[in-house]
$ cat my_file-v7.tsv   # TSV, C-alpha atoms and all ligand atoms
chain	number	residue	atom	x	y	z
N	27	MET	CA	108.05	85.86	99.97
N	28	VAL	CA	105.77	87.29	97.29
N	29	ARG	CA	105.81	90.92	96.41
N	30	HIS	CA	103.51	93.47	98.07
N	31	SER	CA	101.39	95.81	95.94
N	32	SER	CA	103.31	98.93	97.01
N	33	ARG	CA	106.48	99.88	98.85
N	34	ILE	CA	107.85	102.74	100.90
N	35	GLU	CA	111.41	103.98	100.51
N	36	LEU	CA	113.05	105.90	103.34
N	37	SER	CA	115.94	108.23	102.67
N	38	GLN	CA	118.76	107.97	105.17
N	39	SER	CA	120.46	111.13	103.94
N	40	SER	CA	117.27	113.17	104.33
N	41	LEU	CA	116.80	111.96	107.88
N	42	THR	CA	120.40	112.78	108.74
N	43	THR	CA	119.87	116.27	107.28
N	44	ASN	CA	116.74	116.73	109.42
N	45	ILE	CA	118.37	115.54	112.63
N	46	ASN	CA	121.37	117.79	112.05
N	47	PHE	CA	119.09	120.75	111.39
N	48	ILE	CA	117.12	120.11	114.57
N	49	LYS	CA	120.33	119.69	116.57
N	50	LYS	CA	121.55	123.04	115.33
N	51	LYS	CA	118.26	124.66	116.27
N	52	ILE	CA	118.16	123.31	119.82
N	53	GLY	CA	121.83	123.86	120.52
N	54	LYS	CA	124.58	121.82	122.13
N	55	GLY	CA	123.92	119.62	125.13
N	56	VAL	CA	120.24	119.07	124.40
N	57	ARG	CA	119.20	115.51	123.71
N	58	ILE	CA	116.71	114.51	121.04
N	59	SER	CA	114.13	111.94	121.93
N	60	SER	CA	112.88	110.60	118.62
N	61	VAL	CA	109.11	110.13	118.81
N	62	VAL	CA	108.26	106.95	116.93
N	63	LYS	CA	104.65	106.40	117.95
N	64	ALA	CA	102.13	105.32	115.30
N	65	ASN	CA	104.67	103.10	113.53
N	66	ALA	CA	107.08	106.05	113.36
N	67	TYR	CA	104.34	108.25	111.86
N	68	GLY	CA	103.75	105.56	109.25
N	69	HIS	CA	107.38	105.35	108.21
N	70	GLY	CA	107.90	101.93	109.80
N	71	ILE	CA	109.22	101.70	113.34
N	72	THR	CA	111.81	98.96	112.76
N	73	GLU	CA	113.50	100.63	109.82
N	74	PHE	CA	113.16	104.12	111.24
N	75	VAL	CA	114.80	103.29	114.57
N	76	LYS	CA	117.85	101.91	112.76
N	77	MET	CA	118.05	104.99	110.54
N	78	ALA	CA	117.71	107.38	113.47
N	79	GLU	CA	120.50	105.63	115.32
N	80	LYS	CA	122.68	106.07	112.26
N	81	ALA	CA	121.85	109.77	112.36
N	82	GLY	CA	123.01	109.95	115.96
N	83	VAL	CA	119.79	109.49	117.94
N	84	SER	CA	119.88	107.30	121.04
N	85	HIS	CA	116.56	107.99	122.75
N	86	PHE	CA	113.14	106.91	121.50
N	87	ALA	CA	109.67	107.82	122.71
N	88	THR	CA	106.52	105.81	122.09
N	89	ALA	CA	102.86	106.25	122.98
N	90	SER	CA	102.44	102.70	124.25
N	91	ALA	CA	104.20	99.72	125.74
N	92	PHE	CA	103.23	97.81	122.63
N	93	GLU	CA	105.23	100.20	120.46
N	94	ALA	CA	108.09	100.22	122.95
N	95	GLU	CA	108.33	96.47	122.46
N	96	GLU	CA	108.87	97.03	118.74
N	97	VAL	CA	111.59	99.59	119.42
N	98	MET	CA	113.28	97.17	121.83
N	99	ASP	CA	113.52	94.63	119.03
N	100	ALA	CA	114.91	97.16	116.54
N	101	LYS	CA	117.26	99.30	118.59
N	102	SER	CA	120.89	98.77	119.42
N	103	GLU	CA	121.99	98.12	122.96
N	104	ASN	CA	122.88	101.68	123.88
N	105	SER	CA	119.62	103.36	122.93
N	106	GLU	CA	116.96	104.11	125.49
N	107	VAL	CA	113.20	103.84	125.24
N	108	MET	CA	110.51	105.92	126.94
N	109	ILE	CA	106.78	105.18	127.04
N	110	MET	CA	104.76	108.42	127.13
N	111	GLY	CA	101.33	106.84	127.28
N	112	ILE	CA	99.62	103.57	127.99
N	113	LEU	CA	101.44	101.01	130.12
N	114	TYR	CA	99.11	98.58	131.83
N	115	ASP	CA	99.66	97.56	135.44
N	116	GLU	CA	100.51	94.02	134.42
N	117	ASP	CA	103.27	95.29	132.11
N	118	ILE	CA	105.12	97.40	134.69
N	119	ASP	CA	107.36	94.45	135.55
N	120	TRP	CA	108.27	94.08	131.89
N	121	ALA	CA	109.19	97.76	131.62
N	122	VAL	CA	111.27	97.78	134.79
N	123	GLU	CA	112.99	94.51	133.91
N	124	ASN	CA	114.00	95.88	130.51
N	125	GLY	CA	115.13	99.27	131.80
N	126	ILE	CA	112.40	101.04	129.84
N	127	GLU	CA	111.58	104.55	131.01
N	128	PHE	CA	107.94	105.45	131.39
N	129	TYR	CA	105.64	108.33	132.27
N	130	VAL	CA	103.84	108.37	135.59
N	131	PHE	CA	100.84	110.66	135.55
N	132	ASN	CA	98.97	109.69	138.69
N	133	TYR	CA	100.07	109.09	142.23
N	134	ALA	CA	98.40	105.70	142.48
N	135	ARG	CA	100.91	104.24	140.05
N	136	LEU	CA	103.93	104.90	142.28
N	137	PRO	CA	103.42	102.14	144.87
N	138	LEU	CA	102.99	99.64	142.02
N	139	VAL	CA	106.23	100.79	140.45
N	140	LEU	CA	108.00	100.52	143.80
N	141	LYS	CA	106.71	97.01	144.35
N	142	SER	CA	107.89	95.97	140.94
N	143	ALA	CA	111.34	97.51	141.36
N	144	GLN	CA	111.83	95.85	144.74
N	145	LYS	CA	110.61	92.51	143.50
N	146	LEU	CA	112.94	92.56	140.51
N	147	GLY	CA	115.85	94.18	142.32
N	148	LYS	CA	116.07	96.75	139.53
N	149	LYS	CA	115.64	100.49	139.59
N	150	ALA	CA	112.56	101.81	137.83
N	151	LYS	CA	113.06	104.89	135.65
N	152	VAL	CA	110.10	107.23	135.78
N	153	HIS	CA	109.26	110.50	134.10
N	154	ILE	CA	106.78	112.48	136.14
N	155	GLU	CA	104.29	114.13	133.80
N	156	VAL	CA	102.59	117.19	135.23
N	157	GLU	CA	99.29	118.81	134.31
N	158	THR	CA	99.86	122.29	132.95
N	159	GLY	CA	96.77	122.94	130.87
N	160	ALA	CA	96.35	120.35	128.15
N	161	ASN	CA	94.11	118.36	130.44
N	162	ARG	CA	94.83	114.97	129.05
N	163	THR	CA	97.33	113.23	131.34
N	164	GLY	CA	99.50	114.68	134.07
N	165	LEU	CA	99.83	114.93	137.85
N	166	THR	CA	97.96	117.79	139.46
N	167	ASP	CA	99.41	120.32	141.87
N	168	LYS	CA	97.80	118.47	144.76
N	169	GLU	CA	99.43	115.17	143.92
N	170	PHE	CA	102.81	116.66	143.22
N	171	LEU	CA	104.24	117.14	146.71
N	172	PRO	CA	103.26	113.63	147.83
N	173	THR	CA	104.90	112.41	144.63
N	174	LEU	CA	108.16	114.19	145.36
N	175	ASN	CA	108.10	112.86	148.91
N	176	PHE	CA	107.53	109.36	147.61
N	177	LEU	CA	110.38	109.65	145.13
N	178	LYS	CA	112.69	111.03	147.80
N	179	LYS	CA	111.87	108.26	150.21
N	180	HIS	CA	112.33	105.53	147.60
N	181	SER	CA	115.24	106.88	145.57
N	182	GLU	CA	116.99	103.54	146.10
N	183	ASP	CA	114.38	101.85	143.92
N	184	ILE	CA	112.97	104.58	141.68
N	185	ILE	CA	115.01	106.97	139.56
N	186	PHE	CA	113.44	110.39	139.04
N	187	LYS	CA	114.43	110.38	135.40
N	188	GLY	CA	112.39	113.24	134.05
N	189	LEU	CA	109.89	116.00	134.68
N	190	CYS	CA	107.72	116.66	131.65
N	191	THR	CA	104.56	118.08	130.20
N	192	HIS	CA	103.07	118.40	126.73
N	193	PHE	CA	101.81	121.53	125.00
N	194	GLY	CA	98.29	121.48	123.64
N	195	GLY	CA	98.87	123.10	120.26
N	196	ALA	CA	102.31	124.71	120.10
N	197	GLU	CA	102.12	124.69	116.29
N	198	ASN	CA	99.62	127.56	116.13
N	199	ILE	CA	100.65	131.08	117.00
N	200	SER	CA	97.09	131.75	118.08
N	201	ASN	CA	97.65	129.31	120.96
N	202	GLN	CA	100.66	131.19	122.25
N	203	PHE	CA	98.92	132.52	125.35
N	204	LYS	CA	98.00	128.96	126.28
N	205	ILE	CA	101.51	127.67	125.66
N	206	ASN	CA	102.97	130.46	127.81
N	207	LYS	CA	100.61	129.60	130.61
N	208	GLN	CA	101.53	125.93	130.40
N	209	HIS	CA	105.19	126.83	130.48
N	210	ASP	CA	104.71	129.04	133.55
N	211	ARG	CA	102.94	126.24	135.36
N	212	TYR	CA	105.76	123.87	134.45
N	213	LYS	CA	108.28	126.30	135.92
N	214	ASN	CA	106.28	126.28	139.13
N	215	PHE	CA	106.57	122.51	139.31
N	216	LEU	CA	110.31	122.83	138.76
N	217	LYS	CA	110.50	125.35	141.58
N	218	LYS	CA	108.87	122.86	143.89
N	219	CYS	CA	111.43	120.26	142.88
N	220	LYS	CA	114.20	122.65	143.74
N	221	GLN	CA	112.65	123.46	147.11
N	222	LYS	CA	112.43	119.77	147.91
N	223	GLY	CA	115.96	119.14	146.71
N	224	MET	CA	114.53	116.59	144.30
N	225	MET	CA	115.56	117.51	140.76
N	226	PRO	CA	114.82	115.29	137.77
N	227	GLU	CA	117.73	114.11	135.65
N	228	VAL	CA	116.14	115.59	132.53
N	229	ARG	CA	113.56	118.30	132.00
N	230	HIS	CA	111.61	118.03	128.75
N	231	ILE	CA	108.52	119.79	127.45
N	232	ALA	CA	109.13	120.72	123.80
N	233	CYS	CA	107.64	118.88	120.82
N	234	SER	CA	108.77	119.74	117.27
N	235	ALA	CA	106.91	123.03	117.07
N	236	ALA	CA	108.11	124.29	120.44
N	237	ALA	CA	111.69	123.12	119.85
N	238	LEU	CA	111.84	124.91	116.49
N	239	ALA	CA	110.06	128.13	117.41
N	240	TYR	CA	110.22	128.70	121.17
N	241	LYS	CA	113.82	128.46	122.38
N	242	ASP	CA	112.89	129.01	126.01
N	243	THR	CA	110.96	125.71	126.01
N	244	VAL	CA	114.11	123.76	125.18
N	245	TYR	CA	115.49	122.22	128.38
N	246	ASP	CA	117.63	119.08	128.62
N	247	MET	CA	115.73	117.04	126.06
N	248	VAL	CA	113.18	117.66	123.29
N	249	ARG	CA	110.65	115.17	121.99
N	250	ILE	CA	110.74	115.38	118.23
N	251	GLY	CA	108.11	113.73	116.07
N	252	VAL	CA	106.87	115.35	112.91
N	253	ALA	CA	109.94	117.52	112.17
N	254	GLN	CA	112.38	114.62	112.01
N	255	TYR	CA	110.22	113.11	109.27
N	256	GLY	CA	110.78	116.28	107.28
N	257	PHE	CA	107.53	118.13	107.89
N	258	TRP	CA	107.20	121.60	109.32
N	259	PRO	CA	104.72	121.27	112.19
N	260	SER	CA	102.60	124.04	110.64
N	261	PRO	CA	102.87	127.03	108.30
N	262	ASP	CA	103.16	129.23	111.41
N	263	ILE	CA	106.31	127.47	112.56
N	264	TYR	CA	107.78	127.52	109.07
N	265	TYR	CA	107.21	131.28	108.70
N	266	MET	CA	108.68	131.93	112.13
N	267	HIS	CA	111.77	130.07	111.00
N	268	LEU	CA	111.97	132.10	107.78
N	269	GLN	CA	111.68	135.28	109.78
N	270	GLU	CA	114.48	134.13	112.06
N	271	ILE	CA	116.86	133.41	109.19
N	272	GLY	CA	115.66	136.27	106.97
N	273	LYS	CA	114.88	134.16	103.91
N	274	GLN	CA	111.92	133.74	101.57
N	275	SER	CA	112.06	129.96	101.66
N	276	ASP	CA	114.16	127.22	103.18
N	277	GLY	CA	114.49	123.54	102.36
N	278	ALA	CA	116.10	122.67	105.67
N	279	LEU	CA	113.71	119.82	106.39
N	280	LYS	CA	113.56	117.01	103.85
N	281	ARG	CA	110.82	114.45	103.40
N	282	ILE	CA	112.30	111.03	103.87
N	283	PHE	CA	109.41	109.05	102.55
N	284	THR	CA	108.54	107.92	99.00
N	285	TRP	CA	105.57	105.66	98.35
N	286	LYS	CA	105.74	103.68	95.15
N	287	THR	CA	103.87	101.07	93.20
N	288	ASP	CA	103.90	99.91	89.59
N	289	VAL	CA	101.53	99.67	86.65
N	290	MET	CA	99.50	96.47	86.90
N	291	ASP	CA	97.69	96.68	83.58
N	292	ILE	CA	97.12	99.05	80.67
N	293	ARG	CA	93.97	99.18	78.61
N	294	ASP	CA	92.18	101.18	75.98
N	295	VAL	CA	88.81	102.63	76.93
N	296	ASP	CA	86.39	103.77	74.22
N	297	GLU	CA	84.65	107.11	74.29
N	298	GLY	CA	81.38	106.89	76.23
N	299	GLU	CA	82.49	104.01	78.49
N	300	PHE	CA	82.50	104.27	82.30
N	301	ILE	CA	85.59	103.45	84.34
N	302	GLY	CA	85.36	101.21	87.41
N	303	TYR	CA	82.40	101.20	89.80
N	304	GLY	CA	79.39	103.35	89.09
N	305	THR	CA	79.21	106.23	86.69
N	306	SER	CA	81.46	108.81	88.32
N	307	PHE	CA	83.84	108.83	85.37
N	308	GLN	CA	82.84	108.58	81.74
N	309	ALA	CA	85.38	108.73	78.95
N	310	VAL	CA	84.72	111.75	76.75
N	311	GLN	CA	87.23	110.50	74.20
N	312	ASP	CA	89.08	107.29	73.47
N	313	MET	CA	91.51	106.83	76.36
N	314	LYS	CA	94.44	104.81	77.60
N	315	VAL	CA	94.15	103.86	81.25
N	316	ALA	CA	96.72	102.34	83.63
N	317	VAL	CA	95.58	100.16	86.51
N	318	MET	CA	97.19	100.55	89.96
N	319	PRO	CA	97.34	97.46	92.20
N	320	LEU	CA	96.26	99.14	95.43
N	321	GLY	CA	93.28	100.94	96.91
N	322	TYR	CA	91.75	102.26	100.09
N	323	SER	CA	92.42	99.03	101.98
N	324	ASN	CA	96.12	99.71	101.38
N	325	GLY	CA	96.04	103.18	102.88
N	326	TYR	CA	95.32	105.10	99.66
N	327	PRO	CA	92.48	107.49	100.62
N	328	ARG	CA	89.21	106.98	98.78
N	329	ALA	CA	88.71	110.75	98.79
N	330	GLN	CA	91.31	110.92	96.03
N	331	SER	CA	88.71	109.46	93.64
N	332	ASN	CA	88.55	111.54	90.44
N	333	ARG	CA	90.79	114.16	92.09
N	334	GLY	CA	94.25	112.97	92.99
N	335	HIS	CA	97.32	112.34	90.85
N	336	VAL	CA	100.19	109.90	90.64
N	337	LEU	CA	103.56	110.31	88.92
N	338	ILE	CA	104.48	108.19	85.90
N	339	LYS	CA	107.54	108.99	83.78
N	340	GLY	CA	107.90	112.14	85.89
N	341	LYS	CA	104.48	113.42	84.80
N	342	LYS	CA	101.42	114.16	86.92
N	343	VAL	CA	98.72	111.71	85.90
N	344	PRO	CA	95.11	112.16	87.04
N	345	ILE	CA	93.11	109.48	88.81
N	346	VAL	CA	89.96	108.52	86.92
N	347	GLY	CA	86.97	106.95	88.67
N	348	LEU	CA	86.68	105.79	92.25
N	349	ILE	CA	89.47	104.42	94.41
N	350	ASN	CA	88.41	100.79	94.90
N	351	MET	CA	89.36	98.54	97.78
N	352	ASN	CA	92.40	97.16	95.96
N	353	LEU	CA	92.59	98.98	92.64
N	354	PHE	CA	92.34	102.33	90.98
N	355	MET	CA	92.83	103.71	87.49
N	356	VAL	CA	94.79	106.64	86.09
N	357	ASP	CA	94.61	108.37	82.72
N	358	VAL	CA	97.80	107.86	80.69
N	359	THR	CA	96.30	108.87	77.32
N	360	ASN	CA	98.83	111.67	76.93
N	361	ILE	CA	101.86	109.78	78.16
N	362	PRO	CA	103.41	107.73	75.42
N	363	GLY	CA	105.28	104.55	76.10
N	364	VAL	CA	103.89	103.59	79.51
N	365	GLU	CA	104.60	99.91	80.08
N	366	LEU	CA	103.43	97.15	82.35
N	367	GLY	CA	105.42	97.15	85.58
N	368	GLU	CA	106.41	100.78	85.11
N	369	GLU	CA	107.27	102.59	88.35
N	370	VAL	CA	104.55	104.82	89.79
N	371	VAL	CA	105.13	107.34	92.58
N	372	LEU	CA	102.11	107.84	94.84
N	373	VAL	CA	103.80	110.20	97.29
N	374	GLY	CA	107.20	111.73	96.79
N	375	ARG	CA	109.43	112.75	93.93
N	376	GLN	CA	109.92	111.38	90.42
N	377	LYS	CA	112.16	113.27	88.02
N	378	ASN	CA	111.12	116.93	88.29
N	379	ASN	CA	107.72	116.45	89.84
N	380	THR	CA	106.63	115.87	93.43
N	381	ILE	CA	103.43	114.77	95.07
N	382	ASN	CA	103.41	115.96	98.64
N	383	ILE	CA	101.44	114.47	101.48
N	384	SER	CA	100.05	117.96	101.95
N	385	SER	CA	98.61	118.13	98.41
N	386	PHE	CA	96.97	114.87	99.25
N	387	THR	CA	95.61	115.94	102.56
N	388	GLN	CA	94.13	119.16	101.24
N	389	VAL	CA	91.82	117.04	99.13
N	390	THR	CA	91.07	114.43	101.72
N	391	GLN	CA	90.71	116.68	104.81
N	392	LEU	CA	93.08	114.33	106.60
N	393	LEU	CA	95.90	115.67	108.74
N	394	ASN	CA	99.40	114.91	107.46
N	395	ASN	CA	99.94	112.86	110.59
N	396	GLU	CA	96.64	111.09	110.17
N	397	MET	CA	97.32	110.11	106.58
N	398	LEU	CA	100.85	108.93	107.39
N	399	SER	CA	99.95	107.01	110.50
N	400	ARG	CA	97.24	105.11	108.66
N	401	LEU	CA	99.60	103.60	106.13
N	402	PRO	CA	99.35	99.87	106.73
N	403	SER	CA	102.33	98.37	108.50
N	404	ALA	CA	102.16	95.52	105.96
N	405	ILE	CA	103.62	97.76	103.25
N	406	PRO	CA	107.31	96.91	103.05
N	407	ARG	CA	109.71	99.71	104.04
N	408	LYS	CA	113.13	99.94	102.50
N	409	ILE	CA	115.99	102.18	103.55
N	410	VAL	CA	117.70	103.93	100.64
N	411	LYS	CA	120.60	106.36	100.51
Z	501	LIG	C1	103.47	113.02	119.71
Z	501	LIG	C2	104.13	113.63	120.86
Z	501	LIG	C3	105.28	114.42	120.68
Z	501	LIG	C4	105.85	114.76	119.33
Z	501	LIG	O1	105.06	115.73	118.72
Z	501	LIG	P1	105.49	116.38	117.30
Z	501	LIG	O2	104.61	117.56	117.21
Z	501	LIG	O3	105.20	115.36	116.26
Z	501	LIG	O4	106.92	116.70	117.41
Z	501	LIG	C5	105.90	114.90	121.83
Z	501	LIG	N1	105.41	114.64	123.06
Z	501	LIG	C6	104.30	113.89	123.26
Z	501	LIG	C7	103.83	113.64	124.64
Z	501	LIG	C8	103.63	113.38	122.16
Z	501	LIG	O5	102.53	112.65	122.37

$ encode --input "my_file-v7.tsv" --output "structure tokens" --more "lines below"
Ligand SMILES: *Cc1c(COP(=O)(O)O)cnc(C)c1O
Amino acid sequence: MVRHSSRIELSQSSLTTNINFIKKKIGKGVRISSVVKANAYGHGITEFVKMAEKAGVSHFATASAFEAEEVMDAKSENSEVMIMGILYDEDIDWAVENGIEFYVFNYARLPLVLKSAQKLGKKAKVHIEVETGANRTGLTDKEFLPTLNFLKKHSEDIIFKGLCTHFGGAENISNQFKINKQHDRYKNFLKKCKQKGMMPEVRHIACSAAALAYKDTVYDMVRIGVAQYGFWPSPDIYYMHLQEIGKQSDGALKRIFTWKTDVMDIRDVDEGEFIGYGTSFQAVQDMKVAVMPLGYSNGYPRAQSNRGHVLIKGKKVPIVGLINMNLFMVDVTNIPGVELGEEVVLVGRQKNNTINISSFTQVTQLLNNEMLSRLPSAIPRKIVK
């Protein structure tokens, strides 16, 4: 196979550090469901699942059946998979057959699940998602009692695996009143379960932000996305953590992701010449320019044009001109000895310098998650120590 124009390295030791930190935060007896939607937030689902298992994770959550299929191929036998979002009617059989857990967020789905379980002679494992105030998916109050009755009646065929909801914005302190209200409504649903004598096996509502900052939202399981990849969900959550431990800073969460490429060509550019398309960059002196073999079609944001930096020989090197579809140029005039094929870090650390996703996203107005999840799955991912 020929070589791709960039590569992503994933640090196993950083992930293990992150998982251990999260475990300590949530306490003993609470299970982590590792959220690996969006190609594991751009990290690469196949590689990431293997790494997470090594770090002690055995439950994975996806947004879609399509992603769950990828996890099924990557995971070891003992790990479990849960679909939190789209599962089409015609794929229910597939989920039940493979023992995949999935959310049910409307009553109409239940008879279909029952039919499938009976047909296959296998128990379906459902997580009932309830509406508490995010108003995206979730069973309403009105549908809830009929749902519990249905589950009770058909407990031979359907396992009431979980009761769950999702907070709409737990990462911002300014949303706290909303989060509290959602939590209260969730407790009401739990009360109804108790009254019916129909308790779920696992209760789970916390995402990264809630799990790290709001201990009372941590039940039997937490669904951890962004934090396991080494990102604080928001400055709010980071500062709440610092307050809790009484420190000025804390490197408890480690980025696991480094994006690299290499110098494709080096050329001299005379004073007065323009670089690349258009006239957005004109050399004001004689320059040396290094050519990068990737561009916006490879997930490198075009908004970095004339603004962003890469790392070469541990130095921050400015981008000159526009990011093209498959190429861009950087100014190496002041860096002696740059050679063809020299390693370039696009995101991550090289020697004593780091380029963070966040420095990137400040320029581009992208969310961290957005930038990460857009990294093409075609970029090869490699697990390193
Ligand atoms: C994405 C997602 C999560 C994980 O959120 P993070 O903030 O990345 O931890 C948890 N639950 C649901 C339903 C999600 O869609």

$ atom_distance --input "my_file-v7.tsv" --atom1 "atom CA of Glu197 of chain N" --atom2 "atom CA of Ala239 of chain N"
8.7 Å

$ axis_aligned_box --input "my_file-v7.tsv" --around "segment 191-209 of chain N" --padding-each-side "3 Å" --output "AutoDock Vina command-line options"
--center_x 101.1 --center_y 125.3 --center_z 123.4 --size_x 14.1 --size_y 20.4 --size_z 20.5

$ closest_residue --input "my_file-v7.tsv" --among "N:Phe354, N:Tyr133, N:Tyr240, N:Phe257" --to "ligand LIG 501 (chain Z)" --atoms "all atoms listed in the file"
N:Phe257

$ residues_around --input "my_file-v7.tsv" --residues "segment 367-379 of chain N" --least-positions-apart "5" --cutoff "6 Å" --atoms "all atoms listed in the file" --output "JSON, numbers by chain"
{"N": [284, 285, 286, 287, 288, 289, 336, 337, 338, 340]}

$ write_last_selection --input "my_file-v7.tsv" --atoms "C-alpha atoms" --output "short mmCIF file (atom, residue, chain, number, x, y, z; two decimals), in the frame of the given file"
data_model
loop_
_atom_site.label_atom_id
_atom_site.label_comp_id
_atom_site.auth_asym_id
_atom_site.auth_seq_id
_atom_site.Cartn_x
_atom_site.Cartn_y
_atom_site.Cartn_z
CA THR N 284 108.54 107.92 99.00
CA TRP N 285 105.57 105.66 98.35
CA LYS N 286 105.74 103.68 95.15
CA THR N 287 103.87 101.07 93.20
CA ASP N 288 103.90 99.91 89.59
CA VAL N 289 101.53 99.67 86.65
CA VAL N 336 100.19 109.90 90.64
CA LEU N 337 103.56 110.31 88.92
CA ILE N 338 104.48 108.19 85.90
CA GLY N 340 107.90 112.14 85.89
#

$ closest_atom_pairs --input "my_file-v7.tsv" --of "chain N" --to "ligand LIG 501 (chain Z)" --cutoff "9 Å" --atoms "all atoms listed in the file" --output "tab-separated table"
residue	atom	partner	partner_atom	distance
N:Ser59	CA	Z:LIG501	C5	8.7
N:Ser60	CA	Z:LIG501	C4	8.2
N:Val61	CA	Z:LIG501	C4	5.7
N:Val62	CA	Z:LIG501	C1	8.2
N:Lys63	CA	Z:LIG501	C1	7.0
N:Ala64	CA	Z:LIG501	C1	9.0
N:Tyr67	CA	Z:LIG501	O3	8.4
N:Ala87	CA	Z:LIG501	N1	8.0
N:Thr88	CA	Z:LIG501	O5	7.9
N:Ala89	CA	Z:LIG501	O5	6.4
N:Met110	CA	Z:LIG501	C7	5.9
N:Gly111	CA	Z:LIG501	O5	7.7
N:Cys190	CA	Z:LIG501	C7	8.6
N:Thr191	CA	Z:LIG501	C7	7.2
N:His192	CA	Z:LIG501	C7	5.3
N:Phe193	CA	Z:LIG501	N1	8.0
N:Gly195	CA	Z:LIG501	O2	8.5
N:Ala196	CA	Z:LIG501	O2	8.0
N:Glu197	CA	Z:LIG501	O2	7.6
N:Ile231	CA	Z:LIG501	N1	7.4
N:Ala232	CA	Z:LIG501	C5	6.9
N:Cys233	CA	Z:LIG501	O4	4.1
N:Ser234	CA	Z:LIG501	O4	3.6
N:Ala235	CA	Z:LIG501	O2	5.9
N:Ala236	CA	Z:LIG501	O2	8.2
N:Ala237	CA	Z:LIG501	O4	8.4
N:Val248	CA	Z:LIG501	C5	7.9
N:Arg249	CA	Z:LIG501	C5	4.8
N:Ile250	CA	Z:LIG501	O4	4.1
N:Gly251	CA	Z:LIG501	O3	3.3
N:Val252	CA	Z:LIG501	O3	3.7
N:Ala253	CA	Z:LIG501	O4	6.1
N:Gln254	CA	Z:LIG501	O4	8.0
N:Tyr255	CA	Z:LIG501	O3	8.9
N:Pro259	CA	Z:LIG501	O2	6.2
N:Asn395	CA	Z:LIG501	O3	8.1

$ atom_distance --input "my_file-v7.tsv" --atom1 "atom CA of Gly194 of chain N" --atom2 "atom CA of Leu165 of chain N"
15.7 Å

$ atom_distance --input "my_file-v7.tsv" --atom1 "atom CA of Leu268 of chain N" --atom2 "atom CA of Ser399 of chain N"
28.0 Å

$ residues_near_point --input "my_file-v7.tsv" --point "(113.6, 118.7, 140.8)" --cutoff "9 Å" --atoms "all atoms listed in the file" --output "list in words"
Leu174, Phe186, Gly188, Leu189, Phe215, Leu216, Lys217, Lys218, Cys219, Lys220, Gln221, Lys222, Gly223, Met224, Met225, Pro226, Glu227 and Arg229 of chain N

$ residues_near_point --input "my_file-v7.tsv" --point "(113.2, 102.6, 149.0)" --cutoff "10 Å" --atoms "only C-alpha atoms" --output "list in words"
Leu140, Lys141, Ala143, Gln144, Lys149, Phe176, Leu177, Lys178, Lys179, His180, Ser181, Glu182, Asp183 and Ile184 of chain N

$ residues_around --input "my_file-v7.tsv" --residues "segment 68-75 of chain N" --least-positions-apart "4" --cutoff "10 Å" --atoms "only C-alpha atoms" --output "JSON, numbers by chain"
{"N": [34, 35, 36, 37, 38, 41, 60, 61, 62, 63, 64, 79, 80, 81, 83, 84, 85, 86, 93, 94, 96, 97, 98, 99, 100, 101, 102, 105, 255, 282, 283, 284, 395, 396, 397, 398, 399, 400, 401, 402, 403, 404, 405, 406, 407, 408, 409]}

$ write_last_selection --input "my_file-v7.tsv" --atoms "C-alpha atoms" --output "short mmCIF file (atom, residue, chain, number, x, y, z; two decimals), in the coordinates of the input"
data_model
loop_
_atom_site.label_atom_id
_atom_site.label_comp_id
_atom_site.auth_asym_id
_atom_site.auth_seq_id
_atom_site.Cartn_x
_atom_site.Cartn_y
_atom_site.Cartn_z
CA ILE N 34 107.85 102.74 100.90
CA GLU N 35 111.41 103.98 100.51
CA LEU N 36 113.05 105.90 103.34
CA SER N 37 115.94 108.23 102.67
CA GLN N 38 118.76 107.97 105.17
CA LEU N 41 116.80 111.96 107.88
CA SER N 60 112.88 110.60 118.62
CA VAL N 61 109.11 110.13 118.81
CA VAL N 62 108.26 106.95 116.93
CA LYS N 63 104.65 106.40 117.95
CA ALA N 64 102.13 105.32 115.30
CA GLU N 79 120.50 105.63 115.32
CA LYS N 80 122.68 106.07 112.26
CA ALA N 81 121.85 109.77 112.36
CA VAL N 83 119.79 109.49 117.94
CA SER N 84 119.88 107.30 121.04
CA HIS N 85 116.56 107.99 122.75
CA PHE N 86 113.14 106.91 121.50
CA GLU N 93 105.23 100.20 120.46
CA ALA N 94 108.09 100.22 122.95
CA GLU N 96 108.87 97.03 118.74
CA VAL N 97 111.59 99.59 119.42
CA MET N 98 113.28 97.17 121.83
CA ASP N 99 113.52 94.63 119.03
CA ALA N 100 114.91 97.16 116.54
CA LYS N 101 117.26 99.30 118.59
CA SER N 102 120.89 98.77 119.42
CA SER N 105 119.62 103.36 122.93
CA TYR N 255 110.22 113.11 109.27
CA ILE N 282 112.30 111.03 103.87
CA PHE N 283 109.41 109.05 102.55
CA THR N 284 108.54 107.92 99.00
CA ASN N 395 99.94 112.86 110.59
CA GLU N 396 96.64 111.09 110.17
CA MET N 397 97.32 110.11 106.58
CA LEU N 398 100.85 108.93 107.39
CA SER N 399 99.95 107.01 110.50
CA ARG N 400 97.24 105.11 108.66
CA LEU N 401 99.60 103.60 106.13
CA PRO N 402 99.35 99.87 106.73
CA SER N 403 102.33 98.37 108.50
CA ALA N 404 102.16 95.52 105.96
CA ILE N 405 103.62 97.76 103.25
CA PRO N 406 107.31 96.91 103.05
CA ARG N 407 109.71 99.71 104.04
CA LYS N 408 113.13 99.94 102.50
CA ILE N 409 115.99 102.18 103.55
#

$ closest_residue --input "my_file-v7.tsv" --among "N:Ile109, N:Ile185, N:Asn44, N:Val228" --to "Val56 of chain N" --atoms "all atoms listed in the file"
N:Val228

$ closest_residue --input "my_file-v7.tsv" --among "N:Lys50, N:Tyr264, N:Val410, N:Ala316" --to "Pro362 of chain N" --atoms "all atoms listed in the file"
N:Ala316
